[in-house]
Structure formats: structure tokens, C-alpha cells
$ cat entry-v8.cif   # mmCIF, N, CA and C atoms
data_data
loop_
_atom_site.label_atom_id
_atom_site.label_comp_id
_atom_site.auth_asym_id
_atom_site.auth_seq_id
_atom_site.Cartn_x
_atom_site.Cartn_y
_atom_site.Cartn_z
N MET A 23 -6.44 36.63 -41.10
CA MET A 23 -5.04 36.68 -40.78
C MET A 23 -4.69 38.11 -40.42
N SER A 24 -3.98 38.29 -39.33
CA SER A 24 -3.57 39.63 -38.90
C SER A 24 -2.07 39.78 -39.06
N THR A 25 -1.67 40.98 -39.35
CA THR A 25 -0.25 41.27 -39.46
C THR A 25 0.14 42.16 -38.31
N SER A 26 1.26 41.86 -37.69
CA SER A 26 1.71 42.70 -36.58
C SER A 26 2.56 43.83 -37.13
N ARG A 27 2.38 45.00 -36.58
CA ARG A 27 3.14 46.17 -36.99
C ARG A 27 4.09 46.55 -35.88
N ALA A 28 5.25 47.02 -36.27
CA ALA A 28 6.23 47.44 -35.28
C ALA A 28 5.69 48.66 -34.53
N PRO A 29 5.92 48.72 -33.23
CA PRO A 29 5.44 49.89 -32.48
C PRO A 29 6.17 51.15 -32.92
N VAL A 30 5.45 52.25 -32.92
CA VAL A 30 6.03 53.54 -33.31
C VAL A 30 6.75 54.12 -32.10
N GLU A 31 8.00 54.51 -32.29
CA GLU A 31 8.76 55.13 -31.22
C GLU A 31 8.24 56.53 -30.94
N ALA A 32 8.08 56.84 -29.69
CA ALA A 32 7.59 58.15 -29.30
C ALA A 32 8.69 59.19 -29.43
N VAL A 33 8.31 60.41 -29.84
CA VAL A 33 9.23 61.54 -29.85
C VAL A 33 9.50 61.97 -28.41
N TYR A 34 8.45 61.86 -27.59
CA TYR A 34 8.56 62.24 -26.19
C TYR A 34 7.62 61.35 -25.38
N SER A 35 8.06 60.96 -24.20
CA SER A 35 7.24 60.13 -23.33
C SER A 35 7.51 60.52 -21.88
N VAL A 36 6.45 60.59 -21.09
CA VAL A 36 6.61 60.92 -19.67
C VAL A 36 5.66 60.03 -18.86
N ASP A 37 6.17 59.53 -17.73
CA ASP A 37 5.37 58.74 -16.81
C ASP A 37 4.91 59.64 -15.67
N ILE A 38 3.63 59.56 -15.38
CA ILE A 38 3.02 60.35 -14.31
C ILE A 38 2.36 59.36 -13.35
N PRO A 39 2.87 59.24 -12.12
CA PRO A 39 2.22 58.35 -11.16
C PRO A 39 0.91 58.98 -10.66
N VAL A 40 -0.14 58.20 -10.66
CA VAL A 40 -1.44 58.64 -10.13
C VAL A 40 -1.89 57.55 -9.16
N GLY A 41 -1.67 57.83 -7.88
CA GLY A 41 -1.97 56.82 -6.88
C GLY A 41 -1.08 55.60 -7.10
N HIS A 42 -1.69 54.42 -7.11
CA HIS A 42 -0.94 53.18 -7.32
C HIS A 42 -0.84 52.80 -8.80
N LYS A 43 -1.38 53.63 -9.69
CA LYS A 43 -1.36 53.32 -11.13
C LYS A 43 -0.35 54.20 -11.85
N SER A 44 0.18 53.65 -12.93
CA SER A 44 1.11 54.43 -13.75
C SER A 44 0.37 54.95 -14.97
N CYS A 45 0.59 56.21 -15.26
CA CYS A 45 0.03 56.83 -16.45
C CYS A 45 1.19 57.30 -17.31
N THR A 46 1.10 57.07 -18.60
CA THR A 46 2.14 57.48 -19.53
C THR A 46 1.52 58.32 -20.63
N VAL A 47 2.16 59.44 -20.92
CA VAL A 47 1.72 60.31 -22.02
C VAL A 47 2.82 60.25 -23.06
N ARG A 48 2.44 59.99 -24.30
CA ARG A 48 3.41 59.90 -25.40
C ARG A 48 3.02 60.81 -26.55
N VAL A 49 4.03 61.47 -27.11
CA VAL A 49 3.87 62.25 -28.33
C VAL A 49 4.59 61.48 -29.43
N LEU A 50 3.87 61.15 -30.50
CA LEU A 50 4.45 60.39 -31.60
C LEU A 50 4.95 61.32 -32.71
N PRO A 51 5.77 60.81 -33.63
CA PRO A 51 6.34 61.66 -34.69
C PRO A 51 5.30 62.41 -35.52
N ASP A 52 4.13 61.86 -35.71
CA ASP A 52 3.10 62.53 -36.52
C ASP A 52 2.22 63.45 -35.67
N ASN A 53 2.71 63.83 -34.48
CA ASN A 53 2.01 64.70 -33.53
C ASN A 53 0.80 64.05 -32.87
N GLU A 54 0.69 62.74 -32.97
CA GLU A 54 -0.38 62.05 -32.26
C GLU A 54 -0.06 62.04 -30.77
N LEU A 55 -1.07 62.27 -29.95
CA LEU A 55 -0.93 62.27 -28.50
C LEU A 55 -1.66 61.05 -27.95
N ARG A 56 -0.99 60.30 -27.08
CA ARG A 56 -1.59 59.10 -26.51
C ARG A 56 -1.48 59.11 -25.00
N LEU A 57 -2.53 58.59 -24.35
CA LEU A 57 -2.57 58.46 -22.90
C LEU A 57 -2.75 56.98 -22.56
N TYR A 58 -1.80 56.45 -21.81
CA TYR A 58 -1.85 55.07 -21.35
C TYR A 58 -2.06 55.06 -19.84
N VAL A 59 -2.91 54.16 -19.36
CA VAL A 59 -3.09 53.95 -17.92
C VAL A 59 -2.81 52.47 -17.68
N ALA A 60 -1.85 52.20 -16.80
CA ALA A 60 -1.42 50.83 -16.50
C ALA A 60 -1.05 50.10 -17.79
N ASN A 61 -0.30 50.77 -18.64
CA ASN A 61 0.20 50.22 -19.92
C ASN A 61 -0.89 49.86 -20.91
N CYS A 62 -2.07 50.40 -20.74
CA CYS A 62 -3.18 50.17 -21.66
C CYS A 62 -3.59 51.50 -22.30
N LEU A 63 -3.65 51.54 -23.61
CA LEU A 63 -4.03 52.77 -24.31
C LEU A 63 -5.46 53.14 -23.96
N ARG A 64 -5.63 54.33 -23.36
CA ARG A 64 -6.96 54.81 -22.99
C ARG A 64 -7.52 55.77 -24.03
N LYS A 65 -6.68 56.75 -24.43
CA LYS A 65 -7.17 57.77 -25.37
C LYS A 65 -6.04 58.17 -26.32
N ARG A 66 -6.44 58.63 -27.50
CA ARG A 66 -5.47 59.20 -28.44
C ARG A 66 -6.14 60.28 -29.27
N SER A 67 -5.30 61.20 -29.71
CA SER A 67 -5.78 62.32 -30.52
C SER A 67 -4.70 62.62 -31.55
N ASN A 68 -5.16 62.95 -32.77
CA ASN A 68 -4.17 63.25 -33.81
C ASN A 68 -4.60 64.43 -34.66
N LEU A 69 -3.71 64.86 -35.55
CA LEU A 69 -3.98 66.03 -36.38
C LEU A 69 -5.14 65.82 -37.33
N LYS A 70 -5.51 64.61 -37.59
CA LYS A 70 -6.66 64.33 -38.45
C LYS A 70 -7.94 64.88 -37.84
N ASP A 71 -7.91 65.06 -36.53
CA ASP A 71 -9.07 65.63 -35.85
C ASP A 71 -9.25 67.11 -36.17
N GLY A 72 -8.22 67.72 -36.80
CA GLY A 72 -8.34 69.09 -37.28
C GLY A 72 -7.95 70.19 -36.32
N PHE A 73 -7.30 69.87 -35.24
CA PHE A 73 -6.91 70.88 -34.27
C PHE A 73 -5.41 70.91 -34.09
N GLU A 74 -4.85 72.10 -33.85
CA GLU A 74 -3.42 72.21 -33.61
C GLU A 74 -3.06 71.80 -32.19
N ILE A 75 -4.02 71.85 -31.30
CA ILE A 75 -3.80 71.42 -29.92
C ILE A 75 -4.48 70.06 -29.75
N GLN A 76 -3.66 69.06 -29.45
CA GLN A 76 -4.17 67.71 -29.23
C GLN A 76 -4.49 67.58 -27.74
N TYR A 77 -5.58 66.89 -27.43
CA TYR A 77 -6.06 66.81 -26.06
C TYR A 77 -6.58 65.39 -25.79
N VAL A 78 -6.14 64.81 -24.68
CA VAL A 78 -6.67 63.52 -24.24
C VAL A 78 -6.94 63.60 -22.74
N SER A 79 -7.93 62.84 -22.29
CA SER A 79 -8.25 62.83 -20.86
C SER A 79 -8.90 61.50 -20.50
N SER A 80 -8.82 61.16 -19.22
CA SER A 80 -9.44 59.93 -18.75
C SER A 80 -9.58 59.97 -17.23
N ASN A 81 -10.58 59.28 -16.73
CA ASN A 81 -10.71 59.07 -15.29
C ASN A 81 -9.83 57.89 -14.91
N VAL A 82 -9.20 57.99 -13.76
CA VAL A 82 -8.39 56.90 -13.23
C VAL A 82 -8.98 56.51 -11.89
N GLU A 83 -9.43 55.26 -11.79
CA GLU A 83 -10.04 54.79 -10.55
C GLU A 83 -8.97 54.16 -9.67
N LEU A 84 -8.93 54.58 -8.43
CA LEU A 84 -7.99 54.05 -7.46
C LEU A 84 -8.74 53.27 -6.41
N TYR A 85 -8.04 52.85 -5.36
CA TYR A 85 -8.67 52.12 -4.27
C TYR A 85 -9.74 52.97 -3.59
N TRP A 86 -10.67 52.32 -2.95
CA TRP A 86 -11.70 52.97 -2.15
C TRP A 86 -12.53 53.97 -2.95
N GLU A 87 -12.76 53.65 -4.20
CA GLU A 87 -13.58 54.47 -5.10
C GLU A 87 -13.07 55.89 -5.26
N GLU A 88 -11.79 56.08 -5.05
CA GLU A 88 -11.17 57.39 -5.27
C GLU A 88 -10.92 57.55 -6.77
N HIS A 89 -11.28 58.69 -7.31
CA HIS A 89 -11.12 58.94 -8.74
C HIS A 89 -10.21 60.14 -8.97
N HIS A 90 -9.40 60.04 -9.99
CA HIS A 90 -8.58 61.17 -10.43
C HIS A 90 -8.85 61.38 -11.91
N PHE A 91 -8.79 62.62 -12.33
CA PHE A 91 -9.02 62.98 -13.73
C PHE A 91 -7.69 63.46 -14.30
N ILE A 92 -7.15 62.73 -15.26
CA ILE A 92 -5.87 63.10 -15.86
C ILE A 92 -6.12 63.66 -17.26
N GLU A 93 -5.44 64.76 -17.55
CA GLU A 93 -5.56 65.42 -18.85
C GLU A 93 -4.16 65.69 -19.40
N ALA A 94 -4.03 65.58 -20.71
CA ALA A 94 -2.78 65.93 -21.37
C ALA A 94 -3.11 66.78 -22.59
N ARG A 95 -2.33 67.84 -22.77
CA ARG A 95 -2.52 68.79 -23.86
C ARG A 95 -1.20 68.97 -24.58
N TYR A 96 -1.21 68.80 -25.90
CA TYR A 96 0.01 69.00 -26.69
C TYR A 96 -0.27 70.03 -27.77
N ASP A 97 0.45 71.14 -27.72
CA ASP A 97 0.33 72.20 -28.71
C ASP A 97 1.34 71.91 -29.82
N CYS A 98 0.85 71.49 -30.98
CA CYS A 98 1.71 71.09 -32.10
C CYS A 98 2.51 72.27 -32.66
N THR A 99 1.99 73.47 -32.58
CA THR A 99 2.66 74.65 -33.11
C THR A 99 3.81 75.07 -32.19
N ASN A 100 3.53 75.21 -30.91
CA ASN A 100 4.55 75.64 -29.94
C ASN A 100 5.35 74.48 -29.36
N ARG A 101 4.90 73.24 -29.65
CA ARG A 101 5.56 72.02 -29.20
C ARG A 101 5.68 71.95 -27.67
N THR A 102 4.60 72.30 -27.00
CA THR A 102 4.57 72.22 -25.54
C THR A 102 3.59 71.14 -25.09
N LEU A 103 3.98 70.44 -24.06
CA LEU A 103 3.17 69.38 -23.49
C LEU A 103 2.85 69.73 -22.05
N GLN A 104 1.58 69.62 -21.68
CA GLN A 104 1.15 69.91 -20.32
C GLN A 104 0.27 68.76 -19.84
N VAL A 105 0.55 68.28 -18.64
CA VAL A 105 -0.23 67.20 -18.04
C VAL A 105 -0.77 67.70 -16.70
N SER A 106 -2.06 67.45 -16.46
CA SER A 106 -2.66 67.85 -15.19
C SER A 106 -3.44 66.67 -14.60
N VAL A 107 -3.51 66.67 -13.27
CA VAL A 107 -4.30 65.69 -12.54
C VAL A 107 -5.25 66.48 -11.66
N ASN A 108 -6.53 66.19 -11.82
CA ASN A 108 -7.58 66.92 -11.09
C ASN A 108 -7.44 68.43 -11.29
N ARG A 109 -7.20 68.81 -12.53
CA ARG A 109 -7.12 70.23 -12.96
C ARG A 109 -5.89 70.97 -12.43
N ARG A 110 -4.96 70.26 -11.79
CA ARG A 110 -3.73 70.88 -11.29
C ARG A 110 -2.56 70.42 -12.16
N THR A 111 -1.82 71.36 -12.72
CA THR A 111 -0.70 71.01 -13.60
C THR A 111 0.38 70.31 -12.78
N VAL A 112 0.77 69.11 -13.27
CA VAL A 112 1.80 68.33 -12.59
C VAL A 112 3.05 68.19 -13.44
N PHE A 113 2.94 68.54 -14.74
CA PHE A 113 4.09 68.43 -15.63
C PHE A 113 3.89 69.36 -16.82
N GLU A 114 4.97 70.04 -17.21
CA GLU A 114 4.93 70.92 -18.39
C GLU A 114 6.31 70.98 -18.97
N THR A 115 6.42 70.86 -20.31
CA THR A 115 7.73 70.90 -20.96
C THR A 115 7.61 71.28 -22.42
N PHE A 116 8.76 71.65 -22.99
CA PHE A 116 8.89 71.88 -24.43
C PHE A 116 9.40 70.59 -25.03
N VAL A 117 8.75 70.12 -26.09
CA VAL A 117 9.17 68.88 -26.75
C VAL A 117 10.04 69.24 -27.94
N ALA A 118 11.32 68.90 -27.85
CA ALA A 118 12.28 69.26 -28.91
C ALA A 118 12.07 68.44 -30.16
#
$ encode --input "entry-v8.cif" --output "C-alpha cells"
Amino acid sequence: MSTSRAPVEAVYSVDIPVGHKSCTVRVLPDNELRLYVANCLRKRSNLKDGFEIQYVSSNVELYWEEHHFIEARYDCTNRTLQVSVNRRTVFETFVA
């Protein structure tokens, strides 16, 4: 028997379009960082991993075998979030 748990509301969430796919980066209240591609959780990182900077990354496959590499970095101390696609920063903000 499984029990369903209520989804955790994100402290901050940003959608980053990558080709025809949607990518979402979320920062949760416990400083967990999550990367979703097409509404599917691809990667997550949390403070249990022992680092003040949380980091997630994934390849995103598009049409015609085109690939993009998306990375998200969240600095828990400075509360800054940075998202890059193919090593180029596409989004950066302070998370209040």
C-alpha cells in the first residue's frame, strides 16, 4: 500500500525553454534544487549531499539529434540561482 504525499511548494521556480521542451528549475524550502524536463524530475540535489552550493545538470535531446546541456546552480549561503544552457548563462537571480 502506498501513501500519497502532498507536493512541496517551491520557494522559487523558473521555466527555461530549451528548444521545443520545457525545463523547470525549482528551489524548495529545505534548499533542495530540482531540475524538471518536460514536467519529469530529472535531477535533484540537497544539503544532505554536504555542499553549500547545490548543482544539477542534464542533457536535453531535441529534434534531429540536437543536444543541449542544461545546468542549474543554487548557492544556499548567498541565495543566488544561476541557470545555463550549453555553458552560457541564460538566467540569474537572487532568491528571496
$ closest_residue --input "entry-v8.cif" --among "A:Ser106, A:Asn53, A:Gln76, A:Asn81" --to "A:Glu93" --atoms "only N, CA and C atoms"
A:Ser106
$ resolve_selection --input "entry-v8.cif" --expression "the PyMOL selection byres ((chain A and resi 36) around 6.5)" --output "list of chain:residue names"
A:Tyr34, A:Ser35, A:Asp37, A:Ile38, A:Cys45, A:Thr46, A:Val47, A:Arg48
$ select_by_dssp --input "entry-v8.cif" --residues "chain A" --states "strand (DSSP E or B)" --output "number ranges by chain"
A: 34-40, 43-49, 55-59, 62-67, 75-83, 89-97, 102-107, 110-116
$ select_by_dssp --input "entry-v8.cif" --residues "stretch 29-110 of chain A" --states "helix (DSSP H, G or I)" --output "ChimeraX atom specification"
/A:69-71,85-87
$ resolve_selection --input "entry-v8.cif" --expression "the PyMOL selection byres ((chain A and resi 117) around 8)" --output "PDB file with N, CA and C atoms, in the frame of the given file"
ATOM      1  N   VAL A  33       8.310  60.410 -29.840  1.00  0.00           N
ATOM      2  CA  VAL A  33       9.230  61.540 -29.850  1.00  0.00           C
ATOM      3  C   VAL A  33       9.500  61.970 -28.410  1.00  0.00           C
ATOM      4  N   TYR A  34       8.450  61.860 -27.590  1.00  0.00           N
ATOM      5  CA  TYR A  34       8.560  62.240 -26.190  1.00  0.00           C
ATOM      6  C   TYR A  34       7.620  61.350 -25.380  1.00  0.00           C
ATOM      7  N   ASN A 100       3.530  75.210 -30.910  1.00  0.00           N
ATOM      8  CA  ASN A 100       4.550  75.640 -29.940  1.00  0.00           C
ATOM      9  C   ASN A 100       5.350  74.480 -29.360  1.00  0.00           C
ATOM     10  N   ARG A 101       4.900  73.240 -29.650  1.00  0.00           N
ATOM     11  CA  ARG A 101       5.560  72.020 -29.200  1.00  0.00           C
ATOM     12  C   ARG A 101       5.680  71.950 -27.670  1.00  0.00           C
ATOM     13  N   THR A 102       4.600  72.300 -27.000  1.00  0.00           N
ATOM     14  CA  THR A 102       4.570  72.220 -25.540  1.00  0.00           C
ATOM     15  C   THR A 102       3.590  71.140 -25.090  1.00  0.00           C
ATOM     16  N   LEU A 103       3.980  70.440 -24.060  1.00  0.00           N
ATOM     17  CA  LEU A 103       3.170  69.380 -23.490  1.00  0.00           C
ATOM     18  C   LEU A 103       2.850  69.730 -22.050  1.00  0.00           C
ATOM     19  N   GLU A 114       4.970  70.040 -17.210  1.00  0.00           N
ATOM     20  CA  GLU A 114       4.930  70.920 -18.390  1.00  0.00           C
ATOM     21  C   GLU A 114       6.310  70.980 -18.970  1.00  0.00           C
ATOM     22  N   THR A 115       6.420  70.860 -20.310  1.00  0.00           N
ATOM     23  CA  THR A 115       7.730  70.900 -20.960  1.00  0.00           C
ATOM     24  C   THR A 115       7.610  71.280 -22.420  1.00  0.00           C
ATOM     25  N   PHE A 116       8.760  71.650 -22.990  1.00  0.00           N
ATOM     26  CA  PHE A 116       8.890  71.880 -24.430  1.00  0.00           C
ATOM     27  C   PHE A 116       9.400  70.590 -25.030  1.00  0.00           C
ATOM     28  N   ALA A 118      11.320  68.900 -27.850  1.00  0.00           N
ATOM     29  CA  ALA A 118      12.280  69.260 -28.910  1.00  0.00           C
ATOM     30  C   ALA A 118      12.070  68.440 -30.160  1.00  0.00           C
TER      31      ALA A 118
END
$ closest_residue --input "entry-v8.cif" --among "A:Tyr77, A:Tyr58, A:Glu87, A:Val40" --to "A:Val107" --atoms "all atoms listed in the file"
A:Val40
$ atom_distance --input "entry-v8.cif" --atom1 "atom CA of A:Arg95" --atom2 "atom CA of A:Val82"
17.0 Å
$ residues_near_point --input "entry-v8.cif" --point "(-2.2, 58.5, -24.3)" --cutoff "7 Å" --atoms "all atoms listed in the file" --output "mmCIF file with N, CA and C atoms, in the frame of the given file"
data_model
loop_
_atom_site.group_PDB
_atom_site.id
_atom_site.type_symbol
_atom_site.label_atom_id
_atom_site.label_comp_id
_atom_site.auth_asym_id
_atom_site.auth_seq_id
_atom_site.Cartn_x
_atom_site.Cartn_y
_atom_site.Cartn_z
ATOM 1 N N THR A 46 1.100 57.070 -18.600
ATOM 2 C CA THR A 46 2.140 57.480 -19.530
ATOM 3 C C THR A 46 1.520 58.320 -20.630
ATOM 4 N N VAL A 47 2.160 59.440 -20.920
ATOM 5 C CA VAL A 47 1.720 60.310 -22.020
ATOM 6 C C VAL A 47 2.820 60.250 -23.060
ATOM 7 N N ARG A 48 2.440 59.990 -24.300
ATOM 8 C CA ARG A 48 3.410 59.900 -25.400
ATOM 9 C C ARG A 48 3.020 60.810 -26.550
ATOM 10 N N LEU A 55 -1.070 62.270 -29.950
ATOM 11 C CA LEU A 55 -0.930 62.270 -28.500
ATOM 12 C C LEU A 55 -1.660 61.050 -27.950
ATOM 13 N N ARG A 56 -0.990 60.300 -27.080
ATOM 14 C CA ARG A 56 -1.590 59.100 -26.510
ATOM 15 C C ARG A 56 -1.480 59.110 -25.000
ATOM 16 N N LEU A 57 -2.530 58.590 -24.350
ATOM 17 C CA LEU A 57 -2.570 58.460 -22.900
ATOM 18 C C LEU A 57 -2.750 56.980 -22.560
ATOM 19 N N TYR A 58 -1.800 56.450 -21.810
ATOM 20 C CA TYR A 58 -1.850 55.070 -21.350
ATOM 21 C C TYR A 58 -2.060 55.060 -19.840
ATOM 22 N N VAL A 59 -2.910 54.160 -19.360
ATOM 23 C CA VAL A 59 -3.090 53.950 -17.920
ATOM 24 C C VAL A 59 -2.810 52.470 -17.680
ATOM 25 N N LEU A 63 -3.650 51.540 -23.610
ATOM 26 C CA LEU A 63 -4.030 52.770 -24.310
ATOM 27 C C LEU A 63 -5.460 53.140 -23.960
ATOM 28 N N ARG A 64 -5.630 54.330 -23.360
ATOM 29 C CA ARG A 64 -6.960 54.810 -22.990
ATOM 30 C C ARG A 64 -7.520 55.770 -24.030
ATOM 31 N N LYS A 65 -6.680 56.750 -24.430
ATOM 32 C CA LYS A 65 -7.170 57.770 -25.370
ATOM 33 C C LYS A 65 -6.040 58.170 -26.320
ATOM 34 N N ARG A 66 -6.440 58.630 -27.500
ATOM 35 C CA ARG A 66 -5.470 59.200 -28.440
ATOM 36 C C ARG A 66 -6.140 60.280 -29.270
ATOM 37 N N SER A 67 -5.300 61.200 -29.710
ATOM 38 C CA SER A 67 -5.780 62.320 -30.520
ATOM 39 C C SER A 67 -4.700 62.620 -31.550
ATOM 40 N N VAL A 78 -6.140 64.810 -24.680
ATOM 41 C CA VAL A 78 -6.670 63.520 -24.240
ATOM 42 C C VAL A 78 -6.940 63.600 -22.740
#
$ residues_around --input "entry-v8.cif" --residues "A:Gly41" --least-positions-apart "6" --cutoff "9 Å" --atoms "only C-alpha atoms" --output "ChimeraX atom specification"
/A:84-85,90
$ residues_near_point --input "entry-v8.cif" --point "(-2.3, 50.1, -13.4)" --cutoff "6 Å" --atoms "only N, CA and C atoms" --output "VMD selection string"
chain A and resid 42 to 44 59 to 61
$ closest_residue --input "entry-v8.cif" --among "A:Val105, A:Leu69, A:Ile92, A:Val30" --to "A:Pro51" --atoms "only C-alpha atoms"
A:Val30
$ atom_distance --input "entry-v8.cif" --atom1 "atom CA of A:Pro39" --atom2 "atom CA of A:Tyr96"
19.0 Å
$ atom_distance --input "entry-v8.cif" --atom1 "atom CA of A:Asp52" --atom2 "atom CA of A:Arg110"
27.4 Å
